[in-house]
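Content type compact mmCIF, C-alpha atoms (C1' of nucleotides), from the file run32.txt:
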# COMPACT_ATOMS: atom_id res chain seq x y z
CA MET A 1 70.04 -49.62 115.13
CA VAL A 2 69.19 -52.71 117.17
CA ASN A 3 66.00 -52.85 119.21
CA PHE A 4 66.12 -55.42 121.98
CA GLY A 5 62.36 -55.27 122.28
CA ASN A 6 62.24 -54.98 126.05
CA GLU A 7 63.07 -52.48 128.78
CA ARG A 8 64.09 -49.62 126.48
CA SER A 9 62.82 -47.92 123.36
CA ALA A 10 64.68 -48.16 120.10
CA LEU A 11 65.43 -44.48 120.40
CA GLN A 12 67.20 -44.91 123.69
CA VAL A 13 69.13 -47.88 122.41
CA THR A 14 70.24 -45.78 119.49
CA ASP A 15 71.15 -43.06 121.93
CA ARG A 16 73.35 -45.45 123.86
CA GLN A 17 74.85 -46.67 120.63
CA LEU A 18 75.63 -43.10 119.60
CA ASN A 19 77.14 -42.35 123.01
CA ALA A 20 79.39 -45.37 122.72
CA THR A 21 80.41 -44.79 119.12
CA PHE A 22 81.12 -41.08 119.47
CA THR A 23 83.04 -41.80 122.67
CA ALA A 24 85.05 -44.47 120.88
CA LEU A 25 85.93 -42.09 118.06
CA ALA A 26 86.83 -39.27 120.42
CA ASP A 27 90.19 -40.87 121.13
CA PRO A 28 92.99 -40.29 118.59
CA THR A 29 94.55 -43.69 119.19
CA ARG A 30 91.27 -45.40 118.48
CA ARG A 31 90.69 -43.28 115.39
CA ALA A 32 94.12 -44.26 114.13
CA ILE A 33 93.31 -47.91 114.77
CA VAL A 34 90.07 -47.58 112.82
CA ALA A 35 91.90 -45.86 109.97
CA ARG A 36 94.47 -48.65 109.95
CA LEU A 37 91.78 -51.31 109.94
CA ALA A 38 89.98 -49.61 107.08
CA ARG A 39 92.94 -50.65 104.97
CA SER A 40 93.14 -54.25 106.16
CA ASP A 41 92.54 -56.55 109.10
CA ALA A 42 95.42 -56.66 111.57
CA THR A 43 96.62 -58.36 114.72
CA VAL A 44 96.90 -56.59 118.06
CA ASN A 45 100.67 -56.35 117.79
CA GLU A 46 100.45 -54.91 114.30
CA LEU A 47 97.96 -52.34 115.52
CA ALA A 48 100.12 -51.50 118.52
CA ALA A 49 103.32 -51.03 116.51
CA PRO A 50 102.88 -47.35 115.56
CA PHE A 51 102.20 -46.29 119.14
CA LYS A 52 104.34 -45.73 122.19
CA MET A 53 101.63 -47.23 124.31
CA THR A 54 101.97 -50.59 126.05
CA LEU A 55 100.09 -53.60 124.71
CA PRO A 56 97.50 -53.69 127.50
CA GLY A 57 96.71 -50.09 126.64
CA ILE A 58 96.00 -51.03 123.04
CA SER A 59 94.04 -54.05 124.21
CA LYS A 60 91.77 -51.74 126.19
CA HIS A 61 91.19 -49.49 123.20
CA LEU A 62 90.28 -52.52 121.13
CA LYS A 63 87.79 -53.59 123.74
CA VAL A 64 86.14 -50.18 123.56
CA LEU A 65 85.92 -50.43 119.78
CA GLU A 66 84.58 -53.96 120.02
CA ARG A 67 81.95 -53.13 122.62
CA CYS A 68 80.34 -50.54 120.41
CA GLY A 69 80.50 -52.80 117.36
CA ILE A 70 83.09 -50.88 115.37
CA ILE A 71 85.39 -53.87 115.20
CA SER A 72 85.09 -57.59 115.63
CA ARG A 73 87.73 -60.14 116.48
CA SER A 74 88.29 -63.70 115.41
CA ARG A 75 90.85 -66.23 116.43
CA ASN A 76 93.72 -67.57 114.41
CA ALA A 77 96.17 -69.61 116.50
CA GLN A 78 97.53 -67.25 119.14
CA PHE A 79 96.52 -64.22 117.09
CA ARG A 80 93.31 -62.26 117.45
CA PRO A 81 92.92 -60.50 114.12
CA CYS A 82 90.81 -57.36 114.27
CA HIS A 83 88.28 -56.54 111.63
CA LEU A 84 86.45 -53.30 110.95
CA GLU A 85 82.69 -53.87 110.84
CA ARG A 86 80.89 -52.95 107.69
CA ASN A 87 78.15 -50.71 109.06
CA ALA A 88 80.05 -49.54 112.08
CA LEU A 89 79.92 -45.87 111.26
CA ASP A 90 76.42 -45.81 109.82
CA ASP A 91 74.74 -44.63 113.00
CA VAL A 92 77.00 -41.65 113.61
CA SER A 93 77.07 -40.79 109.93
CA LEU A 94 73.28 -40.84 109.86
CA TRP A 95 72.99 -38.65 112.92
CA ILE A 96 75.33 -36.07 111.48
CA GLU A 97 73.73 -36.01 108.06
CA GLU A 98 70.24 -35.79 109.53
CA ASN A 99 71.22 -32.73 111.53
CA ARG A 100 72.94 -31.15 108.58
CA ARG A 101 69.80 -31.71 106.57
CA VAL A 102 67.58 -29.98 109.15
CA TRP A 103 70.05 -27.15 109.46
CA THR A 104 70.32 -26.71 105.71
CA GLU A 105 66.57 -26.80 105.14
CA ARG A 106 66.17 -24.14 107.75
CA PHE A 107 68.54 -21.86 105.94
CA ASP A 108 67.05 -22.57 102.58
CA LYS A 109 63.74 -21.43 104.05
CA LEU A 110 65.38 -18.37 105.52
CA ASP A 111 66.79 -17.40 102.14
CA GLU A 112 63.40 -17.87 100.57
CA HIS A 113 61.83 -15.81 103.33
CA LEU A 114 64.37 -13.04 102.85
CA ARG A 115 63.78 -12.97 99.14
CA ASP A 116 60.06 -12.86 99.86
CA ILE A 117 60.45 -9.91 102.20
CA GLN A 118 62.70 -8.07 99.79
CA SER A 119 60.31 -8.50 96.89
CA LYS A 120 57.47 -7.21 99.08
CA GLU A 121 59.56 -4.25 100.19
CA GLY A 122 60.26 -3.50 96.56
CA THR A 123 56.56 -3.16 95.80
CA SER A 124 55.46 -1.22 98.90
CA MET B 4 91.37 -27.60 109.15
CA VAL B 5 93.06 -24.59 110.68
CA ASN B 6 96.84 -24.42 110.87
CA PHE B 7 98.14 -21.99 113.44
CA GLY B 8 101.52 -22.10 111.77
CA ASN B 9 103.52 -22.68 114.92
CA GLU B 10 104.07 -25.39 117.51
CA ARG B 11 101.87 -28.04 115.87
CA SER B 12 101.17 -29.49 112.44
CA ALA B 13 97.82 -29.00 110.78
CA LEU B 14 97.22 -32.70 111.19
CA GLN B 15 97.58 -32.50 114.94
CA VAL B 16 95.33 -29.48 115.14
CA THR B 17 92.74 -31.42 113.19
CA ASP B 18 93.30 -34.28 115.57
CA ARG B 19 92.55 -32.04 118.52
CA GLN B 20 89.53 -30.67 116.73
CA LEU B 21 88.26 -34.18 116.11
CA ASN B 22 88.88 -35.16 119.72
CA ALA B 23 86.89 -32.18 120.90
CA THR B 24 84.04 -32.55 118.43
CA PHE B 25 83.58 -36.28 118.88
CA THR B 26 83.74 -35.80 122.65
CA ALA B 27 81.13 -33.07 122.43
CA LEU B 28 78.80 -35.29 120.42
CA ALA B 29 79.32 -38.26 122.71
CA ASP B 30 76.93 -36.76 125.25
CA PRO B 31 73.19 -37.24 124.63
CA THR B 32 72.27 -33.91 126.21
CA ARG B 33 74.66 -32.11 123.89
CA ARG B 34 73.40 -34.02 120.88
CA ALA B 35 69.85 -33.03 121.79
CA ILE B 36 70.96 -29.42 122.09
CA VAL B 37 72.58 -29.55 118.66
CA ALA B 38 69.45 -31.12 117.18
CA ARG B 39 67.36 -28.40 118.77
CA LEU B 40 69.64 -25.66 117.45
CA ALA B 41 69.52 -27.13 113.98
CA ARG B 42 65.90 -26.02 113.91
CA SER B 43 66.45 -22.53 115.25
CA ASP B 44 68.60 -20.40 117.51
CA ALA B 45 67.60 -20.51 121.16
CA THR B 46 68.37 -19.05 124.56
CA VAL B 47 69.93 -21.02 127.39
CA ASN B 48 66.62 -21.35 129.22
CA GLU B 49 64.85 -22.54 126.11
CA LEU B 50 67.55 -25.13 125.58
CA ALA B 51 67.40 -26.20 129.21
CA ALA B 52 63.61 -26.59 129.29
CA PRO B 53 63.38 -30.18 128.00
CA PHE B 54 65.94 -31.46 130.52
CA LYS B 55 65.86 -32.26 134.19
CA MET B 56 69.33 -30.85 134.56
CA THR B 57 70.08 -27.62 136.43
CA LEU B 58 70.91 -24.50 134.48
CA PRO B 59 74.60 -24.56 135.37
CA GLY B 60 74.71 -28.06 133.97
CA ILE B 61 73.32 -26.86 130.65
CA SER B 62 75.67 -23.90 130.76
CA LYS B 63 78.61 -26.27 130.97
CA HIS B 64 77.40 -28.31 128.04
CA LEU B 65 77.05 -25.14 126.01
CA LYS B 66 80.57 -24.19 126.89
CA VAL B 67 81.82 -27.54 125.63
CA LEU B 68 79.92 -27.05 122.37
CA GLU B 69 81.22 -23.51 122.07
CA ARG B 70 84.85 -24.44 122.74
CA CYS B 71 84.93 -26.87 119.83
CA GLY B 72 83.16 -24.44 117.52
CA ILE B 73 79.88 -26.29 117.17
CA ILE B 74 77.91 -23.34 118.48
CA SER B 75 78.47 -19.63 118.95
CA ARG B 76 76.79 -17.21 121.31
CA SER B 77 75.84 -13.61 120.95
CA ARG B 78 74.28 -11.18 123.38
CA ASN B 79 70.83 -9.73 123.33
CA ALA B 80 69.97 -7.82 126.52
CA GLN B 81 70.19 -10.40 129.31
CA PHE B 82 69.86 -13.28 126.84
CA ARG B 83 72.69 -15.26 125.28
CA PRO B 84 71.14 -16.76 122.18
CA CYS B 85 72.93 -19.88 120.93
CA HIS B 86 73.57 -20.48 117.29
CA LEU B 87 74.67 -23.64 115.51
CA GLU B 88 77.75 -22.99 113.41
CA ARG B 89 77.51 -23.68 109.73
CA ASN B 90 80.48 -25.98 109.22
CA ALA B 91 80.54 -27.37 112.72
CA LEU B 92 80.16 -30.99 111.74
CA ASP B 93 82.30 -30.89 108.63
CA ASP B 94 85.42 -32.24 110.27
CA VAL B 95 83.82 -35.29 111.81
CA SER B 96 81.72 -35.90 108.74
CA LEU B 97 84.83 -35.77 106.61
CA TRP B 98 86.72 -38.14 108.84
CA ILE B 99 83.92 -40.68 108.77
CA GLU B 100 83.37 -40.48 105.04
CA GLU B 101 87.09 -40.73 104.33
CA ASN B 102 87.32 -43.91 106.33
CA ARG B 103 84.23 -45.34 104.73
CA ARG B 104 85.77 -44.59 101.36
CA VAL B 105 89.00 -46.42 102.18
CA TRP B 106 87.05 -49.31 103.63
CA THR B 107 84.80 -49.55 100.60
CA GLU B 108 87.63 -49.34 98.10
CA ARG B 109 89.30 -52.15 99.94
CA PHE B 110 86.25 -54.33 99.54
CA ASP B 111 85.89 -53.45 95.91
CA LYS B 112 89.18 -55.29 95.60
CA LEU B 113 88.01 -58.03 97.93
CA ASP B 114 88.67 -61.10 95.83
CA GLU B 115 92.21 -60.12 95.06
CA HIS B 116 92.90 -59.22 98.69
CA LEU B 117 91.46 -62.39 100.12
CA ARG B 118 93.47 -64.57 97.76
CA ASP B 119 96.58 -62.64 98.73
CA ILE B 120 95.97 -62.97 102.46
CA GLN B 121 95.06 -66.62 102.24
CA SER B 122 98.12 -67.53 100.19
CA LYS B 123 100.30 -65.70 102.74
CA GLU B 124 98.61 -67.53 105.61
CA GLY B 125 99.11 -70.79 103.75
CA THR B 126 102.87 -70.26 103.47
CA SER B 127 103.55 -69.00 106.99
C1' DT C 2 66.86 2.41 143.16
C1' DC C 3 64.85 -2.06 143.72
C1' DA C 4 62.98 -6.46 142.28
C1' DG C 5 63.07 -9.79 138.88
C1' DT C 6 64.95 -12.43 134.99
C1' DA C 7 68.92 -14.65 132.42
C1' DG C 8 72.91 -16.73 132.78
C1' DT C 9 77.73 -17.77 134.69
C1' DT C 10 81.29 -18.88 138.13
C1' DT C 11 83.00 -21.33 142.01
C1' DA C 12 83.72 -25.17 144.83
C1' DC C 13 82.73 -29.55 145.53
C1' DT C 14 81.52 -34.78 144.84
C1' DT C 15 81.33 -38.62 142.11
C1' DG C 16 82.32 -41.59 138.49
C1' DA C 17 84.50 -42.89 134.25
C1' DC C 18 88.53 -43.53 131.66
C1' DA C 19 93.58 -43.58 129.94
C1' DG C 20 97.60 -45.45 131.05
C1' DT C 21 100.81 -48.28 133.73
C1' DT C 22 103.18 -52.77 135.66
C1' DA C 23 102.90 -57.48 136.86
C1' DA C 24 100.91 -61.69 136.36
C1' DA C 25 97.88 -64.96 133.89
C1' DT C 26 96.14 -67.44 129.80
C1' DA C 27 96.45 -69.56 125.33
C1' DA C 28 98.59 -71.49 121.53
C1' DC C 29 102.60 -72.66 118.95
C1' DT C 30 107.58 -74.71 118.63
C1' DA C 31 111.75 -77.14 119.70
C1' DT D 3 108.25 -81.00 128.42
C1' DA D 4 110.00 -76.23 128.63
C1' DG D 5 110.23 -72.04 126.34
C1' DT D 6 108.40 -68.48 123.31
C1' DT D 7 104.98 -65.49 121.29
C1' DA D 8 100.42 -63.18 121.42
C1' DT D 9 97.19 -61.25 124.08
C1' DT D 10 94.31 -60.44 128.21
C1' DT D 11 93.26 -59.61 133.13
C1' DA D 12 93.98 -57.41 137.54
C1' DA D 13 95.13 -53.84 140.36
C1' DC D 14 96.43 -49.39 140.75
C1' DT D 15 97.19 -44.24 139.73
C1' DG D 16 96.17 -39.85 137.91
C1' DT D 17 93.23 -37.02 135.31
C1' DC D 18 89.17 -35.18 133.59
C1' DA D 19 84.19 -34.66 132.91
C1' DA D 20 79.31 -34.48 134.68
C1' DG D 21 76.39 -32.87 137.91
C1' DT D 22 74.93 -30.03 141.99
C1' DA D 23 74.12 -25.87 145.19
C1' DA D 24 75.19 -21.35 146.29
C1' DA D 25 76.83 -17.12 145.17
C1' DC D 26 77.64 -13.80 141.72
C1' DT D 27 77.11 -10.73 137.35
C1' DA D 28 74.39 -8.36 134.00
C1' DC D 29 70.52 -6.56 132.19
C1' DT D 30 65.39 -4.86 132.30
C1' DG D 31 61.46 -2.40 133.67
C1' DA D 32 58.77 -0.08 137.38
Mind turning the file's structure into structure tokens?
Amino acid sequence: MVNFGNERSALQVTDRQLNATFTALADPTRRAIVARLARSDATVNELAAPFKMTLPGISKHLKVLERCGIISRSRNAQFRPCHLERNALDDVSLWIEENRRVWTERFDKLDEHLRDIQSKEGTS
Amino acid sequence: MVNFGNERSALQVTDRQLNATFTALADPTRRAIVARLARSDATVNELAAPFKMTLPGISKHLKVLERCGIISRSRNAQFRPCHLERNALDDVSLWIEENRRVWTERFDKLDEHLRDIQSKEGTS
DNA sequence: TCAGTAGTTTACTTGACAGTTAAATAACTA
DNA sequence: TAGTTATTTAACTGTCAAGTAAACTACTGA
């Protein structure tokens, strides 16, 4: 939820962030990488191991995950260990929960309304 | 979490479901539509109103949302009211929360882990 | 039956993205 | 120094998704 303070509103920045994060998570390879990194940091080769894909393919996926802030990478000799970022999934999680909340409230009201109608019908 | 019982495992079906749902939510127009439908059902024209996009464009977005089960459509005269499906976001929500859980558990054991990793790095 | 409203389908253009191979870069090791 | 390992970049291909205009379907109400 970063606001760069110029050129675009915070809302639009969030929108872009959500685009990028949802897009990143839409790919099964990238989801598997995230799931793997949830357990521990790992090098590119370690991450690539379970897949048939070539290393450049994996490298591209990692770049996508890095660009939207889901992972970060450091340097250790010739290795580039990948690290899952703490609040990476907060934005998407928030969006989903917010919508569920609105949806649920709406149906709580509907129930109430229905009960209201029924009690009125009972008396008329 | 539907298992069709043939050709593919439940896990893969879920995988496809996640692909589709994350892809659907990766588009800001579709997210706005979902947010709008969280408040109430709406017709295609009502949904299209806030956007510059042509009606066929909106129609396509609705089809994407429908295909992955996020919305459903009924028929009322010449209208096709759209309805947000109750458990539409459960799958993605579950995936995210599961990964957060794993990630968090890992960091609850942080000290132990770090010592382990560092001692391994020291010996290699 | 005709005009109008609601929405979809078709055909097309454009752009983004997944994956590949081949070559380059960067750091370690003998 | 040369060779090896880890990873990225470049260039290319194929596919798929977003958007449009134009034509079409389906229903309503006069």
Can you give me chain B superposed onto chain A, least-squares on all Cα in order, written as an mmCIF file with C-alpha atoms, in the frame of the given file?
data_model
loop_
_atom_site.group_PDB
_atom_site.id
_atom_site.type_symbol
_atom_site.label_atom_id
_atom_site.label_comp_id
_atom_site.auth_asym_id
_atom_site.auth_seq_id
_atom_site.Cartn_x
_atom_site.Cartn_y
_atom_site.Cartn_z
ATOM 1 C CA MET B 4 69.007 -48.992 114.308
ATOM 2 C CA VAL B 5 68.274 -51.697 116.839
ATOM 3 C CA ASN B 6 65.164 -51.498 118.992
ATOM 4 C CA PHE B 7 65.333 -53.579 122.129
ATOM 5 C CA GLY B 8 61.587 -53.292 122.469
ATOM 6 C CA ASN B 9 61.578 -52.274 126.105
ATOM 7 C CA GLU B 10 62.579 -49.322 128.259
ATOM 8 C CA ARG B 11 63.673 -47.031 125.413
ATOM 9 C CA SER B 12 62.505 -45.937 121.978
ATOM 10 C CA ALA B 13 64.450 -46.870 118.885
ATOM 11 C CA LEU B 14 65.309 -43.220 118.481
ATOM 12 C CA GLN B 15 66.980 -43.080 121.861
ATOM 13 C CA VAL B 16 68.885 -46.270 121.213
ATOM 14 C CA THR B 17 70.119 -44.744 117.984
ATOM 15 C CA ASP B 18 71.006 -41.660 119.949
ATOM 16 C CA ARG B 19 73.122 -43.713 122.315
ATOM 17 C CA GLN B 20 74.686 -45.499 119.388
ATOM 18 C CA LEU B 21 75.562 -42.184 117.787
ATOM 19 C CA ASN B 22 76.981 -40.860 121.044
ATOM 20 C CA ALA B 23 79.185 -43.906 121.355
ATOM 21 C CA THR B 24 80.308 -44.005 117.737
ATOM 22 C CA PHE B 25 81.071 -40.310 117.436
ATOM 23 C CA THR B 26 82.912 -40.464 120.761
ATOM 24 C CA ALA B 27 84.910 -43.434 119.536
ATOM 25 C CA LEU B 28 85.903 -41.611 116.360
ATOM 26 C CA ALA B 29 86.780 -38.429 118.215
ATOM 27 C CA ASP B 30 90.096 -39.933 119.291
ATOM 28 C CA PRO B 31 92.957 -39.855 116.758
ATOM 29 C CA THR B 32 94.452 -43.116 118.007
ATOM 30 C CA ARG B 33 91.134 -44.869 117.507
ATOM 31 C CA ARG B 34 90.679 -43.336 114.081
ATOM 32 C CA ALA B 35 94.135 -44.575 113.114
ATOM 33 C CA ILE B 36 93.222 -48.029 114.374
ATOM 34 C CA VAL B 37 90.040 -48.029 112.306
ATOM 35 C CA ALA B 38 91.968 -46.883 109.237
ATOM 36 C CA ARG B 39 94.483 -49.647 109.811
ATOM 37 C CA LEU B 40 91.752 -52.261 110.210
ATOM 38 C CA ALA B 41 90.072 -51.096 107.042
ATOM 39 C CA ARG B 42 93.065 -52.540 105.225
ATOM 40 C CA SER B 43 93.181 -55.843 107.057
ATOM 41 C CA ASP B 44 92.476 -57.573 110.340
ATOM 42 C CA ALA B 45 95.259 -57.259 112.888
ATOM 43 C CA THR B 46 96.351 -58.359 116.335
ATOM 44 C CA VAL B 47 96.596 -56.029 119.307
ATOM 45 C CA ASN B 48 100.382 -55.860 119.087
ATOM 46 C CA GLU B 49 100.281 -55.097 115.395
ATOM 47 C CA LEU B 50 97.805 -52.319 116.050
ATOM 48 C CA ALA B 51 99.890 -50.976 118.912
ATOM 49 C CA ALA B 52 103.161 -50.935 116.955
ATOM 50 C CA PRO B 53 102.803 -47.499 115.321
ATOM 51 C CA PHE B 54 102.011 -45.785 118.634
ATOM 52 C CA LYS B 55 104.048 -44.700 121.599
ATOM 53 C CA MET B 56 101.251 -45.746 123.889
ATOM 54 C CA THR B 57 101.487 -48.729 126.242
ATOM 55 C CA LEU B 58 99.640 -51.907 125.397
ATOM 56 C CA PRO B 59 96.984 -51.432 128.067
ATOM 57 C CA GLY B 60 96.276 -48.062 126.528
ATOM 58 C CA ILE B 61 95.656 -49.653 123.140
ATOM 59 C CA SER B 62 93.615 -52.363 124.809
ATOM 60 C CA LYS B 63 91.318 -49.720 126.240
ATOM 61 C CA HIS B 64 90.868 -48.047 122.892
ATOM 62 C CA LEU B 65 89.977 -51.391 121.370
ATOM 63 C CA LYS B 66 87.424 -51.934 124.062
ATOM 64 C CA VAL B 67 85.818 -48.597 123.254
ATOM 65 C CA LEU B 68 85.687 -49.525 119.566
ATOM 66 C CA GLU B 69 84.299 -52.941 120.410
ATOM 67 C CA ARG B 70 81.609 -51.626 122.760
ATOM 68 C CA CYS B 71 80.089 -49.445 120.056
ATOM 69 C CA GLY B 72 80.281 -52.209 117.468
ATOM 70 C CA ILE B 73 82.944 -50.707 115.242
ATOM 71 C CA ILE B 74 85.201 -53.710 115.670
ATOM 72 C CA SER B 75 84.841 -57.302 116.798
ATOM 73 C CA ARG B 76 87.426 -59.667 118.201
ATOM 74 C CA SER B 77 87.912 -63.357 117.827
ATOM 75 C CA ARG B 78 90.432 -65.716 119.353
ATOM 76 C CA ASN B 79 93.279 -67.479 117.682
ATOM 77 C CA ALA B 80 95.626 -69.195 120.154
ATOM 78 C CA GLN B 81 97.008 -66.387 122.321
ATOM 79 C CA PHE B 82 96.085 -63.761 119.721
ATOM 80 C CA ARG B 83 92.932 -61.660 119.646
ATOM 81 C CA PRO B 84 92.661 -60.568 116.041
ATOM 82 C CA CYS B 85 90.595 -57.407 115.550
ATOM 83 C CA HIS B 86 88.149 -57.049 112.738
ATOM 84 C CA LEU B 87 86.388 -53.956 111.435
ATOM 85 C CA GLU B 88 82.643 -54.486 111.345
ATOM 86 C CA ARG B 89 80.925 -54.123 108.029
ATOM 87 C CA ASN B 90 78.220 -51.606 108.876
ATOM 88 C CA ALA B 91 80.070 -49.936 111.700
ATOM 89 C CA LEU B 92 80.004 -46.459 110.245
ATOM 90 C CA ASP B 93 76.541 -46.613 108.747
ATOM 91 C CA ASP B 94 74.812 -44.849 111.601
ATOM 92 C CA VAL B 95 77.093 -41.846 111.706
ATOM 93 C CA SER B 96 77.272 -41.686 107.944
ATOM 94 C CA LEU B 97 73.504 -41.699 107.783
ATOM 95 C CA TRP B 98 73.166 -38.990 110.373
ATOM 96 C CA ILE B 99 75.595 -36.736 108.552
ATOM 97 C CA GLU B 100 74.081 -37.289 105.138
ATOM 98 C CA GLU B 101 70.560 -36.753 106.450
ATOM 99 C CA ASN B 102 71.538 -33.413 107.883
ATOM 100 C CA ARG B 103 73.363 -32.412 104.750
ATOM 101 C CA ARG B 104 70.248 -33.287 102.795
ATOM 102 C CA VAL B 105 68.009 -31.104 104.957
ATOM 103 C CA TRP B 106 70.533 -28.300 104.823
ATOM 104 C CA THR B 107 70.848 -28.518 101.061
ATOM 105 C CA GLU B 108 67.118 -28.666 100.450
ATOM 106 C CA ARG B 109 66.776 -25.573 102.544
ATOM 107 C CA PHE B 110 69.230 -23.726 100.357
ATOM 108 C CA ASP B 111 67.584 -24.928 97.206
ATOM 109 C CA LYS B 112 64.696 -22.822 98.443
ATOM 110 C CA LEU B 113 67.019 -20.022 99.477
ATOM 111 C CA ASP B 114 65.460 -17.085 97.685
ATOM 112 C CA GLU B 115 62.015 -17.791 98.997
ATOM 113 C CA HIS B 116 63.318 -18.324 102.530
ATOM 114 C CA LEU B 117 65.409 -15.196 102.612
ATOM 115 C CA ARG B 118 62.535 -13.038 101.409
ATOM 116 C CA ASP B 119 60.342 -14.585 104.080
ATOM 117 C CA ILE B 120 62.843 -14.010 106.874
ATOM 118 C CA GLN B 121 63.630 -10.491 105.781
ATOM 119 C CA SER B 122 59.984 -9.470 105.539
ATOM 120 C CA LYS B 123 59.418 -10.876 109.047
ATOM 121 C CA GLU B 124 62.435 -8.983 110.373
ATOM 122 C CA GLY B 125 61.145 -5.853 108.677
ATOM 123 C CA THR B 126 57.789 -6.052 110.466
ATOM 124 C CA SER B 127 59.029 -6.953 113.943
#
>> Using all atoms listed in the file and a distance of at most 7 Å, pull out the residues of chain B that contact chain D, as a ChimeraX atom specification.
In response: /B:60,80-81
>> Should the cut-off be 8 Å, what would the residue list for chain C against chain A look like, counting all atoms listed in the file, as JSON, numbers by chain?
In response: {"C": [19, 20, 27, 28, 29]}
> Would you list which chain B residues are within 6 Å of chain A using all atoms listed in the file, as a ChimeraX atom specification?
Replying inline: /B:22,25-26,29,41,105-106
Give me the box for region 18-31 of chain C as JSON, namely the centre and edge lengths in Å to one decimal of a box along x, y and z that holds every listed atom plus 4 Å on each side.
{"center_x": 100.1, "center_y": -60.3, "center_z": 127.7, "size_x": 31.2, "size_y": 41.6, "size_z": 26.2}
> Please, what distance in Å, to one decimal, runs between CA of Glu112 (chain A) and CA of Glu69 (chain B)?
Replying inline: 28.5 Å
> Contacts of Ser59 (chain A) at 10 Å or less, counting only C-alpha atoms (C1' of nucleotides), minus same-chain residues fewer than 6 places along, as a ChimeraX atom specification?
Replying inline: /A:44-45,47-48,65 /D:9-10
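A straight line drawn from CA of Glu46 (chain A) to CA of Asp111 (chain B) is 23.5 Å long.
If you look at CA of Phe51 (chain A) and CA of Pro81 (chain A), they are 17.7 Å away from each other.
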Since fewer atoms than expected are present, regenerate N, CA and C atoms for region 57-69 of chain A and write them as a short mmCIF file (atom, residue, chain, number, x, y, z; two decimals), in the coordinates of the input.
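Below is the file that was written, selection.cif:
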data_model
loop_
_atom_site.label_atom_id
_atom_site.label_comp_id
_atom_site.auth_asym_id
_atom_site.auth_seq_id
_atom_site.Cartn_x
_atom_site.Cartn_y
_atom_site.Cartn_z
N GLY A 57 97.40 -51.33 127.02
CA GLY A 57 96.71 -50.09 126.64
C GLY A 57 95.96 -50.26 125.34
N ILE A 58 96.63 -50.78 124.34
CA ILE A 58 96.00 -51.03 123.04
C ILE A 58 94.84 -52.01 123.20
N SER A 59 95.07 -53.04 123.97
CA SER A 59 94.04 -54.05 124.21
C SER A 59 92.76 -53.40 124.75
N LYS A 60 92.92 -52.45 125.64
CA LYS A 60 91.77 -51.74 126.19
C LYS A 60 91.03 -50.96 125.11
N HIS A 61 91.81 -50.27 124.28
CA HIS A 61 91.19 -49.49 123.20
C HIS A 61 90.39 -50.41 122.28
N LEU A 62 90.97 -51.57 122.00
CA LEU A 62 90.28 -52.52 121.13
C LEU A 62 88.98 -53.00 121.76
N LYS A 63 89.01 -53.16 123.05
CA LYS A 63 87.79 -53.59 123.74
C LYS A 63 86.70 -52.53 123.61
N VAL A 64 87.10 -51.27 123.72
CA VAL A 64 86.14 -50.18 123.56
C VAL A 64 85.53 -50.21 122.15
N LEU A 65 86.40 -50.39 121.16
CA LEU A 65 85.92 -50.43 119.78
C LEU A 65 85.03 -51.64 119.53
N GLU A 66 85.37 -52.74 120.19
CA GLU A 66 84.58 -53.96 120.02
C GLU A 66 83.21 -53.83 120.68
N ARG A 67 83.20 -53.25 121.87
CA ARG A 67 81.95 -53.13 122.62
C ARG A 67 80.91 -52.33 121.87
N CYS A 68 81.33 -51.34 121.13
CA CYS A 68 80.34 -50.54 120.41
C CYS A 68 80.17 -51.02 118.96
N GLY A 69 80.76 -52.17 118.64
CA GLY A 69 80.50 -52.80 117.36
C GLY A 69 81.30 -52.26 116.19
#
